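> First the structure, which I've put down as C-alpha cells, then a few questions once you've had a look.
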Amino acid sequence: IPITHQKGCSRMLNENTTQHNSWRNEIDGRLWALMQWLEQHELLAADVKAQIEKMRAHNRSEKIIVAFVAELSHGKSELINAILFSNYGKRIISSSEKRKTVCPIEMGYNENDDICLRLLPIQTRLEPQSLIEWQQMPEQWSKIEFDKNNADQFIEAVEKANETIFVSAQEARALGFGFIKADDSDENSVEIPRWRHAQINIDHPLLQQGLVILDTPGLNDAGIGSELIISLTPHAQAAVFIMPINSEVATSDLTIYREFFAGKEDDNSRFVVLNKIDTLWDDSKTAEQNDVAIEIKRLDAAHALGVSEERVMAVSAKKGLLAKINNDEELLKRSHIELVDNMLGNSILQRRDEIMYTRLMADLQVIQQKVRSLLNRRASDLYEQLSELNELQAKNETIMHQQRLKITQDQDTFEVSVGRIHAIRIVHYKILQQIYTMLGNNHLLRETSSLKMALQESGFMKVGVKKAYADTFVKLYRLLDDTQDNIDEVHTMFNSMFMQLNSDYGFELKVDAAPQLDNHLEALKEVEESNVHSLGVGNLIQLSQQDFIDRLLRALVSQLRLVFEQVLTEVEQWSRGVSSQIDAQLRERRRSLKRRVDAIDRAETASGVLKERIQEIQHAMLDVQHEQSIFNALLEKVLPAAEVHHRVWSLAKS
C-alpha cells in the first residue's frame, strides 16, 4: 500500500493545502487565458507578456525557507519527524546522540526533479564558490534516488547525509576545522562531516505548497554549524528555535537566541518551540494541573527571551510522533504537536500567500492600466480616422489634397519627435551603464578591498578590522544612494518626455513609479548585521586563520552580490517597461498615420470605396468596444478568485 502523508499533517493543514493548490491552479489557468486573448488581439506588448509570465512563475514556484535551529539533543530532528514523516511509522531523520545531524539537510519539493537525496562534498569548501553558487551546479552533487514508499530506503538515504570521514589535522584545518585539536603527525586523526550540504526532494503536502524545511546541525557542535550560520540562516524567511522546557532557560540557549534572533521581536516569522513537555507530566496530578505547570514554563520562557507569548509553543515532539504513528487522538492532543503543524500552515504559509496576493493585485493593476491605454489609443485613432473620412465625403479633390499635405506634415512632425526620443534614450542608456558599473562585481570587489586587507593583516589581533568593515558598508550604502539618484534622474527625464508626447499626440503614456531602494538598503543592513559577529572577540582564533578569512570574505561578497544583482534586476525591468510602453504607443501612432494615408488613397479612387471604408471603421470601433468588455471580464475572472482566497486565509487567521 503506497505511503500517504495524511498522518504527517493536521486536519486543518490538509484542508488549507488542498484549498491553496486549487486556488493556485485556478489563477494560473486564468492568467494563461488572459495572455492568449491579448496575443490574439495584438494587445500583448512585450512588457505585459513579461509581467504575466512573471506572475505565473511566482504563482507556481514561490518558496519560503524555514530553518529549524537548536543545540544538540534538544529534539529538533524528532520535531521534524513528527511534522513530516510520521506516516512512515519510523524515525526517518536520526534523533539519537550517536547519529546526530552533522550537515544541513534541506527538505523541499520540486515537481520537475526525482524523489532523491542530493549531497555536496565537504571538499567544495576549498573552492571559491559560495553555497548559493554551488546550488546552480547540480552536476557537482551526488544524487541518491529512493522509493518514497519504502521507509527503510528513505532512512538509508538520509543516513548518508550524516556520514563522516577521517582526515589529517592539516586537511581538517584547510576545510575549516582547524580549531579541532589533533596531533599534526597523526594522519587521518580528525573526524569531520563527509558532506557540506544535503537536499531531499520529497512530495509532502507541506513541501508541495512551497515550504522548505532546513534541518541545521547543533549550534554547539564545534566546527559544523559555523558556515551554516554565516551563509544560510540569514536567507531563511522563517525560523523555529527549539529548546527544552524541563529546566530554566539555559545561558547557552539565551545567548544563541539573542545572537541570531535579536531585533526580530516584531517579525511574525520567528517562533520558539519548548520541547519535551512530557518530562513535566506528573501522574500524581490532574491533566489541568500539568497544563498549568507547562503554561507557567511557556510564559517564563517568553519573558526570558523577550518574545511575544503567542510565538512560543510548548510541545512534546516525541509523544506527538508516537501519537501520529498509533493514531492516538488523546496522546496527540496532550502532545500539542498540532500547534506546530498549524503554525506552519496558518502563519508561515499564510505569510507566503499574503505576499503572493499583494503582488498579484499590484501586477494586475499595472496590466489593466497598460492594456486599457492601448485600447483607448486604438479607439481614439479610429475616431480620428472616422472624422476625417466623414469630412472627405463632402470635399472635392483640392481639399483632399490639402488633407494629404496635413497628414504628411503630421508624419514629419512625428519623426522629429522620434529623433528627440532617440536622443533621450542614448542618455538613458549611459545612465544605465553607469549604474551597471557602480553595482558590478569588479566595483564591489574594489569597495571591499580595504576590508580584505585589514582581515589579511598578519598577527593575532586584527587592528582596524571593525573600522574597515564599517567604512566598507558606508561606501556600499553610498553606492545605493547614488543609484537611487540616477534612477530618479531617469524617471524625471522620461516623465517630462511623456508629458510632451501626451500633449502633442494625445498619448496616454505614464511613467511607472521609479524603483525605491529602501528595501535593498534594509537588506544591505541585514547583511552587515548578520556578519559583524564574526569579527568579535569570540572569533579571534579563527580570524587569525587564512582559510576562515577567505570563507568569510566569500560569504560576505556573495551576499552583497545578491543584493546588488536584485537592484540591477529591478532597475532593468523598470527601464524595459518604460521603453516597451513608448514602443507600443509609437507603433500605434505609425499604424494610425499609415491608415490615414491609405484612407486618402482609397477616397481618391472612388467615393464608393470611401463610404465602404467609413463602414469598416465604424465596425472596427464596435470591435474595440467589444474588446474592452471582454478584457474587463477576463480581469474580473482573475480578481475575484484572488479576493476569495485572501478572505479565506483571513478567516483562518482570525
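Simple scheme: letters A, B, ... for chains in C-alpha cells order, numbers from 1 for residues in each chain, numbers from 1 for ligands in the order shown.
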Find the residues near range 131-144 of chain A: any atom within 6 Å, counting only C-alpha atoms, skip ones fewer than 2 places away on the same chain, and give them as a list in words.
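Contacts, in chain order: Cys116, Leu117, Arg118, Leu119, Leu120 and Gln129 of chain A.
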> May I have the residues within 10 Å of Lys49 in chain A as a list in words, using only C-alpha atoms and disregarding those fewer than 6 positions away in the same chain?
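These residues fall inside the cut-off: Met35, Gln36, Leu38, Glu39, Leu43, Met55 and Ile367 of chain A.
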> For the selection just defined, write its residues with N, CA and C atoms to a file, as a PDB file, in the first residue's frame.

ATOM      1  N   MET A  35      -3.459  35.973 -21.215  1.00  0.00           N
ATOM      2  CA  MET A  35      -2.321  36.207 -22.099  1.00  0.00           C
ATOM      3  C   MET A  35      -2.629  35.765 -23.532  1.00  0.00           C
ATOM      4  N   GLN A  36      -3.316  34.617 -23.699  1.00  0.00           N
ATOM      5  CA  GLN A  36      -3.662  34.140 -25.035  1.00  0.00           C
ATOM      6  C   GLN A  36      -4.616  35.109 -25.730  1.00  0.00           C
ATOM      7  N   LEU A  38      -4.985  38.374 -25.175  1.00  0.00           N
ATOM      8  CA  LEU A  38      -4.262  39.598 -25.513  1.00  0.00           C
ATOM      9  C   LEU A  38      -3.410  39.412 -26.760  1.00  0.00           C
ATOM     10  N   GLU A  39      -2.769  38.236 -26.877  1.00  0.00           N
ATOM     11  CA  GLU A  39      -1.935  37.974 -28.048  1.00  0.00           C
ATOM     12  C   GLU A  39      -2.784  37.893 -29.322  1.00  0.00           C
ATOM     13  N   LEU A  43      -2.667  42.913 -28.440  1.00  0.00           N
ATOM     14  CA  LEU A  43      -2.592  43.782 -27.258  1.00  0.00           C
ATOM     15  C   LEU A  43      -1.517  43.327 -26.274  1.00  0.00           C
ATOM     16  N   MET A  55       4.220  36.654 -13.158  1.00  0.00           N
ATOM     17  CA  MET A  55       3.145  36.339 -12.211  1.00  0.00           C
ATOM     18  C   MET A  55       2.903  34.832 -12.159  1.00  0.00           C
ATOM     19  N   ILE A 367      -1.105  45.781 -15.412  1.00  0.00           N
ATOM     20  CA  ILE A 367      -1.552  45.229 -16.693  1.00  0.00           C
ATOM     21  C   ILE A 367      -2.826  45.919 -17.155  1.00  0.00           C
TER      22      ILE A 367
END
> Which residues, written as a list in words, have at least one atom at most 8 Å from range 402-408 of chain A, with only C-alpha atoms counted and residues fewer than 5 positions away on the same chain left out?
Leu593, Arg596, Val597 and Ile600 of chain A
> What lies within 8 Å of Leu635 in chain A using only C-alpha atoms, ignoring chain neighbours under 4 positions off, as a ChimeraX atom specification?
/A:34,364,368,631,639
> Quick one: residues within 9 Å of Met499 in chain A, only C-alpha atoms counted, chain neighbours fewer than 4 positions away excluded, as an MDAnalysis selection string?
chainID A and resid 494:495 503:504 507:510
> Find the residues around Asp300 in chain A up to 9 Å (only C-alpha atoms counted), leave out those fewer than 4 positions away in its own chain, and share them as a list of chain:residue names.
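Close residues of Asp300 in chain A: A:Glu248, A:Val249, A:Glu295, A:Ile296, A:Ala304, A:Leu305.
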> Just the selected residues (N, CA, C and O atoms), exported as a tab-separated table (two decimals), in the first residue's frame, please.

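The resulting again_3.tsv:
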chain	number	residue	atom	x	y	z
A	248	GLU	N	15.15	25.77	33.53
A	248	GLU	CA	15.14	27.20	33.25
A	248	GLU	C	15.84	27.45	31.91
A	248	GLU	O	16.59	26.59	31.42
A	249	VAL	N	15.59	28.61	31.33
A	249	VAL	CA	16.23	28.93	30.06
A	249	VAL	C	17.74	28.96	30.27
A	249	VAL	O	18.26	29.76	31.05
A	295	GLU	N	2.14	25.77	31.15
A	295	GLU	CA	1.85	27.14	30.74
A	295	GLU	C	2.74	28.13	31.47
A	295	GLU	O	3.21	29.12	30.89
A	296	ILE	N	3.02	27.88	32.75
A	296	ILE	CA	3.92	28.76	33.51
A	296	ILE	C	5.31	28.75	32.89
A	296	ILE	O	5.95	29.80	32.72
A	304	ALA	N	11.79	35.48	29.37
A	304	ALA	CA	13.25	35.43	29.42
A	304	ALA	C	13.86	35.75	28.05
A	304	ALA	O	14.89	36.42	27.96
A	305	LEU	N	13.23	35.29	26.98
A	305	LEU	CA	13.75	35.51	25.63
A	305	LEU	C	13.32	36.85	25.05
A	305	LEU	O	13.84	37.27	24.02
> So which one's closest to Ala45 in chain A, A:Leu535, A:Met497, A:Met356, A:Leu374? Using only C-alpha atoms, please.
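Going through A:Leu535, A:Met497, A:Met356, A:Leu374 one by one, the smallest distance to Ala45 in chain A is for A:Leu374.
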> I'd like the contact shell of Asn441 in chain A - 12 Å cut-off, only C-alpha atoms, skipping same-chain residues fewer than 5 positions apart - returned as a list in words.
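The filter keeps Ile435, Tyr436, Arg446, Glu447, Thr448, Val557, Ser558, Gln559, Leu560, Arg561, Leu562, Val563, Phe564, Glu565 and Leu568 of chain A.
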